[in-house]
Amino acid sequence: MEIVITSWALNSYLDLKHSKVINNQDYKNTIRPDVMLLKTYSADPKFQNSKFWSIATDQSKNRIPDGFKMKWHNLGNGNIQLRLPIAIFAEAMLCEAYVKGNAKEEQRKIARFKTHLELIRRGQFTECGRL
C-alpha cells in the first residue's frame, strides 16, 4: 500500500520536532519504521495489537469510517503518548499527529481528524510526499 504524507502530517511532525516532543532518534528508530509497516498493512501482526493500532472512534464511541490510529506509548524524554490518525482508502493517508492529553483535547483532535477525512474524500488536501 502507498503511504501519502499530507500537509497536516508534515506540519504536525515539524511542530512536534520543533517543540522537542520527539527527537531524531524517536523518528528514525520508532516512528518511521512503524509507519513503513503500512506498506504491508494487513500482513503485519503488529496491526493486531490494540495498543499499537486501533479503529478511530468519536466521543460517542462510534466507529469513524476509514479512520484508524497508530499509537506509541512512553515516547521521547517526556514519556508522552503519541497518536497518528490515518485514513485508509486505496492508500494510507497520514494525518495530523498529536500528543494524547486529556479526554476533551483528544476529542477535539478526533473531530479534526473527521474533518480531514471528509476533505480527503473530496480531494481537498495537499500531498507533501509518498513513502
# chains A, B, ... in the order shown; residues from 1 in each chain; ligands from 1

$ residues_around --residues "region 35-45 of chain A" --least-positions-apart "2" --cutoff "7 Å" --atoms "only C-alpha atoms" --output "JSON, numbers by chain"
{"A": [1, 2, 3, 31, 32, 33, 47, 48]}

$ select_by_dssp --residues "region 20-124 of chain A" --states "helix (DSSP H, G or I)" --output "JSON, numbers by chain"
{"A": [24, 25, 26, 27, 28, 29, 30, 31, 32, 33, 34, 35, 36, 37, 38, 39, 40, 45, 46, 47, 48, 103, 104, 105, 106, 107, 108, 109, 110, 111, 112, 113, 114, 115, 116, 117, 118, 119, 120, 121, 122]}

$ residues_around --residues "Lys20 (chain A)" --least-positions-apart "4" --cutoff "9 Å" --atoms "only C-alpha atoms" --output "MDAnalysis selection string"
chainID A and resid 15:16 76:77

$ residues_around --residues "Ser7 (chain A)" --least-positions-apart "2" --cutoff "12 Å" --atoms "only C-alpha atoms" --output "JSON, numbers by chain"
{"A": [4, 5, 9, 10, 11, 12, 13, 14, 93, 94, 95, 96, 97, 116, 120, 124, 125, 126, 127, 128, 129, 130]}

$ write_last_selection --atoms "N, CA, C and O atoms" --output "PDB file, in the first residue's frame"
ATOM      1  N   VAL A   4       0.763   8.106   1.895  1.00  0.00           N
ATOM      2  CA  VAL A   4       0.724   9.506   1.479  1.00  0.00           C
ATOM      3  C   VAL A   4       0.909  10.393   2.709  1.00  0.00           C
ATOM      4  O   VAL A   4       0.204  10.235   3.708  1.00  0.00           O
ATOM      5  N   ILE A   5       1.859  11.315   2.613  1.00  0.00           N
ATOM      6  CA  ILE A   5       2.080  12.289   3.675  1.00  0.00           C
ATOM      7  C   ILE A   5       1.298  13.541   3.312  1.00  0.00           C
ATOM      8  O   ILE A   5       1.577  14.188   2.310  1.00  0.00           O
ATOM      9  N   ALA A   9       0.045  16.052   8.302  1.00  0.00           N
ATOM     10  CA  ALA A   9       1.030  15.166   8.918  1.00  0.00           C
ATOM     11  C   ALA A   9       2.396  15.843   8.978  1.00  0.00           C
ATOM     12  O   ALA A   9       3.069  15.811  10.010  1.00  0.00           O
ATOM     13  N   LEU A  10       2.804  16.448   7.874  1.00  0.00           N
ATOM     14  CA  LEU A  10       4.107  17.106   7.846  1.00  0.00           C
ATOM     15  C   LEU A  10       4.165  18.255   8.845  1.00  0.00           C
ATOM     16  O   LEU A  10       5.119  18.364   9.618  1.00  0.00           O
ATOM     17  N   ASN A  11       3.146  19.093   8.865  1.00  0.00           N
ATOM     18  CA  ASN A  11       3.137  20.228   9.793  1.00  0.00           C
ATOM     19  C   ASN A  11       3.143  19.779  11.244  1.00  0.00           C
ATOM     20  O   ASN A  11       3.838  20.364  12.078  1.00  0.00           O
ATOM     21  N   SER A  12       2.393  18.743  11.565  1.00  0.00           N
ATOM     22  CA  SER A  12       2.375  18.269  12.953  1.00  0.00           C
ATOM     23  C   SER A  12       3.720  17.669  13.333  1.00  0.00           C
ATOM     24  O   SER A  12       4.209  17.883  14.446  1.00  0.00           O
ATOM     25  N   TYR A  13       4.356  16.931  12.421  1.00  0.00           N
ATOM     26  CA  TYR A  13       5.691  16.392  12.686  1.00  0.00           C
ATOM     27  C   TYR A  13       6.674  17.528  12.966  1.00  0.00           C
ATOM     28  O   TYR A  13       7.433  17.471  13.937  1.00  0.00           O
ATOM     29  N   LEU A  14       6.652  18.556  12.128  1.00  0.00           N
ATOM     30  CA  LEU A  14       7.570  19.685  12.332  1.00  0.00           C
ATOM     31  C   LEU A  14       7.297  20.396  13.656  1.00  0.00           C
ATOM     32  O   LEU A  14       8.233  20.776  14.365  1.00  0.00           O
ATOM     33  N   MET A  93      -3.305   7.420   4.210  1.00  0.00           N
ATOM     34  CA  MET A  93      -3.113   8.867   4.251  1.00  0.00           C
ATOM     35  C   MET A  93      -2.789   9.281   5.680  1.00  0.00           C
ATOM     36  O   MET A  93      -3.632   9.170   6.579  1.00  0.00           O
ATOM     37  N   LEU A  94      -1.552   9.746   5.897  1.00  0.00           N
ATOM     38  CA  LEU A  94      -1.144  10.184   7.228  1.00  0.00           C
ATOM     39  C   LEU A  94      -1.745  11.551   7.506  1.00  0.00           C
ATOM     40  O   LEU A  94      -1.635  12.462   6.690  1.00  0.00           O
ATOM     41  N   CYS A  95      -2.363  11.692   8.665  1.00  0.00           N
ATOM     42  CA  CYS A  95      -2.995  12.963   9.029  1.00  0.00           C
ATOM     43  C   CYS A  95      -2.244  13.603  10.198  1.00  0.00           C
ATOM     44  O   CYS A  95      -1.087  13.305  10.410  1.00  0.00           O
ATOM     45  N   GLU A  96      -2.905  14.451  10.944  1.00  0.00           N
ATOM     46  CA  GLU A  96      -2.263  15.282  11.966  1.00  0.00           C
ATOM     47  C   GLU A  96      -1.928  14.494  13.234  1.00  0.00           C
ATOM     48  O   GLU A  96      -2.824  14.110  13.996  1.00  0.00           O
ATOM     49  N   ALA A  97      -0.631  14.288  13.490  1.00  0.00           N
ATOM     50  CA  ALA A  97      -0.184  13.605  14.700  1.00  0.00           C
ATOM     51  C   ALA A  97      -0.349  14.538  15.895  1.00  0.00           C
ATOM     52  O   ALA A  97      -0.289  15.763  15.756  1.00  0.00           O
ATOM     53  N   HIS A 116     -10.674  16.131   8.412  1.00  0.00           N
ATOM     54  CA  HIS A 116      -9.621  15.781   7.456  1.00  0.00           C
ATOM     55  C   HIS A 116     -10.074  14.633   6.557  1.00  0.00           C
ATOM     56  O   HIS A 116      -9.823  14.646   5.344  1.00  0.00           O
ATOM     57  N   ILE A 120     -10.260  14.749   2.531  1.00  0.00           N
ATOM     58  CA  ILE A 120      -9.560  13.761   1.700  1.00  0.00           C
ATOM     59  C   ILE A 120     -10.543  13.146   0.706  1.00  0.00           C
ATOM     60  O   ILE A 120     -10.234  13.013  -0.485  1.00  0.00           O
ATOM     61  N   GLN A 124      -9.624  17.533  -1.318  1.00  0.00           N
ATOM     62  CA  GLN A 124      -9.213  18.876  -0.886  1.00  0.00           C
ATOM     63  C   GLN A 124      -8.151  18.782   0.201  1.00  0.00           C
ATOM     64  O   GLN A 124      -8.399  19.115   1.366  1.00  0.00           O
ATOM     65  N   PHE A 125      -6.997  18.292  -0.170  1.00  0.00           N
ATOM     66  CA  PHE A 125      -5.864  18.197   0.744  1.00  0.00           C
ATOM     67  C   PHE A 125      -4.595  18.392  -0.058  1.00  0.00           C
ATOM     68  O   PHE A 125      -4.603  18.307  -1.280  1.00  0.00           O
ATOM     69  N   THR A 126      -3.525  18.665   0.651  1.00  0.00           N
ATOM     70  CA  THR A 126      -2.234  18.843  -0.008  1.00  0.00           C
ATOM     71  C   THR A 126      -1.343  17.646   0.295  1.00  0.00           C
ATOM     72  O   THR A 126      -1.121  17.320   1.461  1.00  0.00           O
ATOM     73  N   GLU A 127      -0.879  17.015  -0.765  1.00  0.00           N
ATOM     74  CA  GLU A 127       0.055  15.892  -0.617  1.00  0.00           C
ATOM     75  C   GLU A 127       1.467  16.444  -0.577  1.00  0.00           C
ATOM     76  O   GLU A 127       1.869  17.215  -1.457  1.00  0.00           O
ATOM     77  N   CYS A 128       2.226  16.061   0.448  1.00  0.00           N
ATOM     78  CA  CYS A 128       3.600  16.550   0.591  1.00  0.00           C
ATOM     79  C   CYS A 128       4.638  15.493   0.249  1.00  0.00           C
ATOM     80  O   CYS A 128       5.825  15.779   0.218  1.00  0.00           O
ATOM     81  N   GLY A 129       4.202  14.276   0.018  1.00  0.00           N
ATOM     82  CA  GLY A 129       5.152  13.232  -0.342  1.00  0.00           C
ATOM     83  C   GLY A 129       4.530  11.863  -0.201  1.00  0.00           C
ATOM     84  O   GLY A 129       3.400  11.711   0.266  1.00  0.00           O
ATOM     85  N   ARG A 130       5.295  10.862  -0.641  1.00  0.00           N
ATOM     86  CA  ARG A 130       4.864   9.463  -0.564  1.00  0.00           C
ATOM     87  C   ARG A 130       6.021   8.633  -0.067  1.00  0.00           C
ATOM     88  O   ARG A 130       7.180   8.918  -0.318  1.00  0.00           O
TER      89      ARG A 130
END

$ residues_around --residues "region 51-67 of chain A" --least-positions-apart "5" --cutoff "12 Å" --atoms "only C-alpha atoms" --output "ChimeraX atom specification"
/A:30-31,34-35,37-38,41-42,44-46,72-74,81-95,103-118,120-121

$ write_last_selection --atoms "N, CA and C atoms" --output "short mmCIF file (atom, residue, chain, number, x, y, z; two decimals), in the first residue's frame"
data_model
loop_
_atom_site.label_atom_id
_atom_site.label_comp_id
_atom_site.auth_asym_id
_atom_site.auth_seq_id
_atom_site.Cartn_x
_atom_site.Cartn_y
_atom_site.Cartn_z
N THR A 30 11.75 4.48 15.84
CA THR A 30 10.43 4.02 16.24
C THR A 30 9.34 4.43 15.25
N ILE A 31 9.16 5.73 15.08
CA ILE A 31 8.01 6.22 14.31
C ILE A 31 8.08 5.80 12.84
N ASP A 34 7.64 2.04 12.11
CA ASP A 34 6.25 1.63 12.33
C ASP A 34 5.34 2.13 11.21
N VAL A 35 5.53 3.36 10.77
CA VAL A 35 4.72 3.89 9.67
C VAL A 35 4.98 3.09 8.40
N LEU A 37 5.38 0.06 8.13
CA LEU A 37 4.62 -1.19 8.19
C LEU A 37 3.30 -1.09 7.42
N LEU A 38 2.83 0.14 7.20
CA LEU A 38 1.59 0.33 6.44
C LEU A 38 1.72 -0.20 5.01
N TYR A 41 0.29 -3.50 5.28
CA TYR A 41 -0.75 -3.27 6.29
C TYR A 41 -1.40 -4.52 6.86
N SER A 42 -2.08 -5.28 6.08
CA SER A 42 -2.84 -6.40 6.64
C SER A 42 -1.98 -7.60 7.00
N ASP A 44 1.11 -7.58 8.55
CA ASP A 44 1.96 -7.47 9.74
C ASP A 44 1.15 -7.71 11.02
N PRO A 45 1.62 -8.62 11.88
CA PRO A 45 0.88 -8.92 13.11
C PRO A 45 0.79 -7.75 14.09
N LYS A 46 1.64 -6.77 13.94
CA LYS A 46 1.62 -5.62 14.84
C LYS A 46 0.28 -4.89 14.76
N TRP A 72 1.75 5.25 20.02
CA TRP A 72 3.01 4.98 20.69
C TRP A 72 2.89 5.43 22.14
N HIS A 73 3.42 4.64 23.05
CA HIS A 73 3.38 4.94 24.48
C HIS A 73 4.80 5.16 24.99
N ASN A 74 4.95 6.04 25.96
CA ASN A 74 6.24 6.31 26.59
C ASN A 74 7.32 6.68 25.58
N GLN A 81 2.46 10.04 25.04
CA GLN A 81 1.71 9.12 24.20
C GLN A 81 1.40 9.84 22.90
N LEU A 82 1.96 9.35 21.82
CA LEU A 82 1.78 9.97 20.51
C LEU A 82 0.73 9.21 19.72
N ARG A 83 -0.12 9.96 19.01
CA ARG A 83 -1.15 9.36 18.17
C ARG A 83 -0.99 9.89 16.75
N LEU A 84 -1.15 9.00 15.78
CA LEU A 84 -1.11 9.39 14.37
C LEU A 84 -2.37 8.87 13.69
N PRO A 85 -3.36 9.74 13.46
CA PRO A 85 -4.56 9.32 12.73
C PRO A 85 -4.21 9.03 11.26
N ILE A 86 -4.80 7.96 10.76
CA ILE A 86 -4.52 7.51 9.40
C ILE A 86 -5.83 7.16 8.70
N ALA A 87 -6.01 7.68 7.51
CA ALA A 87 -7.16 7.33 6.68
C ALA A 87 -6.72 6.21 5.75
N ILE A 88 -7.47 5.14 5.73
CA ILE A 88 -7.15 4.02 4.84
C ILE A 88 -8.20 3.97 3.73
N PHE A 89 -7.75 4.26 2.54
CA PHE A 89 -8.56 4.12 1.33
C PHE A 89 -7.76 3.17 0.43
N ALA A 90 -7.54 3.51 -0.80
CA ALA A 90 -6.64 2.72 -1.64
C ALA A 90 -5.20 2.95 -1.19
N GLU A 91 -4.99 4.05 -0.48
CA GLU A 91 -3.68 4.43 0.07
C GLU A 91 -3.86 4.73 1.55
N ALA A 92 -2.75 4.72 2.27
CA ALA A 92 -2.76 5.13 3.68
C ALA A 92 -2.40 6.61 3.71
N MET A 93 -3.30 7.42 4.21
CA MET A 93 -3.11 8.87 4.25
C MET A 93 -2.79 9.28 5.68
N LEU A 94 -1.55 9.75 5.90
CA LEU A 94 -1.14 10.18 7.23
C LEU A 94 -1.75 11.55 7.51
N CYS A 95 -2.36 11.69 8.67
CA CYS A 95 -3.00 12.96 9.03
C CYS A 95 -2.24 13.60 10.20
N ALA A 103 -9.06 14.03 28.01
CA ALA A 103 -10.14 13.49 27.17
C ALA A 103 -10.75 14.54 26.24
N LYS A 104 -10.92 15.77 26.72
CA LYS A 104 -11.51 16.81 25.87
C LYS A 104 -10.59 17.17 24.71
N GLU A 105 -9.30 17.26 24.99
CA GLU A 105 -8.33 17.55 23.93
C GLU A 105 -8.30 16.43 22.90
N GLU A 106 -8.36 15.21 23.37
CA GLU A 106 -8.37 14.05 22.48
C GLU A 106 -9.59 14.11 21.55
N GLN A 107 -10.74 14.46 22.08
CA GLN A 107 -11.95 14.54 21.27
C GLN A 107 -11.88 15.66 20.24
N ARG A 108 -11.22 16.77 20.59
CA ARG A 108 -11.03 17.85 19.60
C ARG A 108 -10.15 17.37 18.45
N LYS A 109 -9.11 16.63 18.77
CA LYS A 109 -8.22 16.10 17.72
C LYS A 109 -8.96 15.10 16.84
N ILE A 110 -9.79 14.28 17.44
CA ILE A 110 -10.56 13.30 16.66
C ILE A 110 -11.58 14.02 15.78
N ALA A 111 -12.18 15.09 16.28
CA ALA A 111 -13.12 15.87 15.46
C ALA A 111 -12.40 16.47 14.26
N ARG A 112 -11.18 16.97 14.48
CA ARG A 112 -10.38 17.48 13.36
C ARG A 112 -10.06 16.38 12.36
N PHE A 113 -9.77 15.19 12.87
CA PHE A 113 -9.50 14.06 12.00
C PHE A 113 -10.72 13.74 11.13
N LYS A 114 -11.91 13.79 11.70
CA LYS A 114 -13.12 13.56 10.93
C LYS A 114 -13.25 14.59 9.80
N THR A 115 -12.89 15.83 10.10
CA THR A 115 -12.90 16.88 9.06
C THR A 115 -11.86 16.57 7.99
N HIS A 116 -10.67 16.13 8.41
CA HIS A 116 -9.62 15.78 7.46
C HIS A 116 -10.07 14.63 6.56
N LEU A 117 -10.74 13.65 7.14
CA LEU A 117 -11.25 12.53 6.32
C LEU A 117 -12.21 13.02 5.24
N GLU A 118 -13.09 13.92 5.62
CA GLU A 118 -14.05 14.44 4.64
C GLU A 118 -13.32 15.23 3.54
N ILE A 120 -10.26 14.75 2.53
CA ILE A 120 -9.56 13.76 1.70
C ILE A 120 -10.54 13.15 0.71
N ARG A 121 -11.72 12.79 1.18
CA ARG A 121 -12.73 12.20 0.28
C ARG A 121 -13.08 13.16 -0.87
#

$ atom_distance --atom1 "CA of Phe68 (chain A)" --atom2 "CA of His18 (chain A)"
25.5 Å

$ atom_distance --atom1 "CA of Gly101 (chain A)" --atom2 "CA of Leu131 (chain A)"
28.6 Å

$ atom_distance --atom1 "CA of Ser50 (chain A)" --atom2 "CA of Lys71 (chain A)"
8.8 Å

$ select_by_dssp --residues "region 1-43 of chain A" --states "strand (DSSP E or B)" --output "compact mmCIF listing (two decimals) with C-alpha atoms, in the first residue's frame"
# COMPACT_ATOMS: atom_id res chain seq x y z
CA ILE A 3 1.69 5.88 2.11
CA VAL A 4 0.72 9.51 1.48
CA ILE A 5 2.08 12.29 3.68
CA THR A 6 -0.48 15.07 3.89
